[in-house]
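Trainee: Supplied in structure tokens, the structure appears directly below.
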Amino acid sequence: MNYQFTQKQVYINEQKIFYLEGGTASNCEPILFLHGWGVGIQPYQEVLNVLCKRHYVIAPELPGFNSSSSEKLNWDYNDYADLISAFLQRLNIKKVHFIGHSLGGGIAATIAALMPDFVKSLILVASTGIPVEPIPLVFVQRVIEMTAQAPHIKFPQIIQIFQAFSYNLFFRTYHTLQILLMSLDKDLKPILPKIETPCLLVWGKNDLTTPLKAAQEFSQLIKNSKLIVVDGVYHEWSIFFVDKFTTLVFDFLDEIAGRK
């Protein structure tokens, strides 16, 4: 069953934010889903459809990517965190379960550390926030990873990823490259010990972009966090193995709610 999302937009500090909203209304806090670098929310549509079976879901496109505008240059994690907090206030949402993949994970971790009142729980999926060295090697590793993942990419995911990435790279070139460098270089380790909310870390064992050693550092620095490593998968695995990923999410949220 595919749930019907409502496409909406709102202006926050002169930035047009496009987002999807929909799912199952319940007494639980909604999920706020933050996408990764270089794309938007469309490649995650299958994940969002499954999450909507049990939760209300809000999925914004980050400023400067796809349908969301950006009047500002040189964004960092704090800027994104401020914008997402203002976005939640505009929607009159007091607390959410954050799920962040890659760049979205770094933003969600920043909010959990510095603005904890918004965060019911935190799920970081192959999150950025631990510097990667040397940065030029990442470009080679991305080619290796995408090639290795190719057999698992289904239609229309391949089209969605290609269209989103191509648009951002060719029409939002400066922003896309600046955010890549920021996300690979910016060190969140000093603030991670401030995170006290329940936290699940989900990583692919073969991840080259945000390698497993980064997951282990996240696990050591975030008190009482839980790390799950998935064998044989790479950086984007959560997009391609939807049932496996959403099962881990639901189990964690059930545990928080005391239902298990």
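Ordering of the structure tokens sets the chain letters (A, B, ...), residue numbers begin anew at 1 in every chain, and ligands are numbered from 1 in the order given.
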Contacts of stretch 115-117 of chain A at 8 Å or less, counting only C-alpha atoms, minus same-chain residues fewer than 4 places along, as a list in words?
Mentor: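 Here the answer would be Lys94, Lys95, Thr110, Ile111, Ile195 and Thr197 of chain A.
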Trainee: Name all residues at most 7 Å from stretch 122-131 of chain A (count only C-alpha atoms; drop same-chain ones fewer than 4 positions away) and give them as number ranges by chain.
Mentor: A: 97-103, 105-106, 183-189, 197-203, 210, 214, 235
Trainee: Mind checking which residues fall within 6 Å of A:Ile58, counting only C-alpha atoms, ignoring those fewer than 5 positions away in the same chain, and posting them as a list in words?
Mentor: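 These residues fall inside the cut-off: Leu20, Glu21 and Leu32 of chain A.
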Trainee: Could you build a table of the residues in stretch 29-105 of chain A lying no more than 8 Å from stretch 169-172 of chain A, giving for each the nearest pair of atoms and their separation in Å rounded to one decimal place, using only C-alpha atoms, ordered by chain and ascending residue number, as CSV?
Mentor:
```
residue,atom,partner,partner_atom,distance
A:Gly38,CA,A:Leu169,CA,7.3
A:Gly64,CA,A:Arg172,CA,6.9
A:Phe65,CA,A:Arg172,CA,7.4
```
Trainee: Rounded to one decimal place, report the atom CA of A:Thr6-atom CA of A:Tyr19 distance in Å.
Mentor: 8.3 Å
Trainee: Pick from A:Val233, A:Leu62, A:Leu180, A:Leu192: nearest to A:Lys205, with only C-alpha atoms counted?
Mentor: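 Answer, going by the shortest atom-to-atom distance: A:Val233.
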Trainee: Quick one: everything within 12 Å of stretch 81-83 of chain A, counting only C-alpha atoms, minus sequence neighbours fewer than 5 positions away in the same chain. Send it as a PyMOL selection string.
Mentor: chain A and resi 10-17+34+60-63+70+72+75-76+88-90+98+103-116+118-119
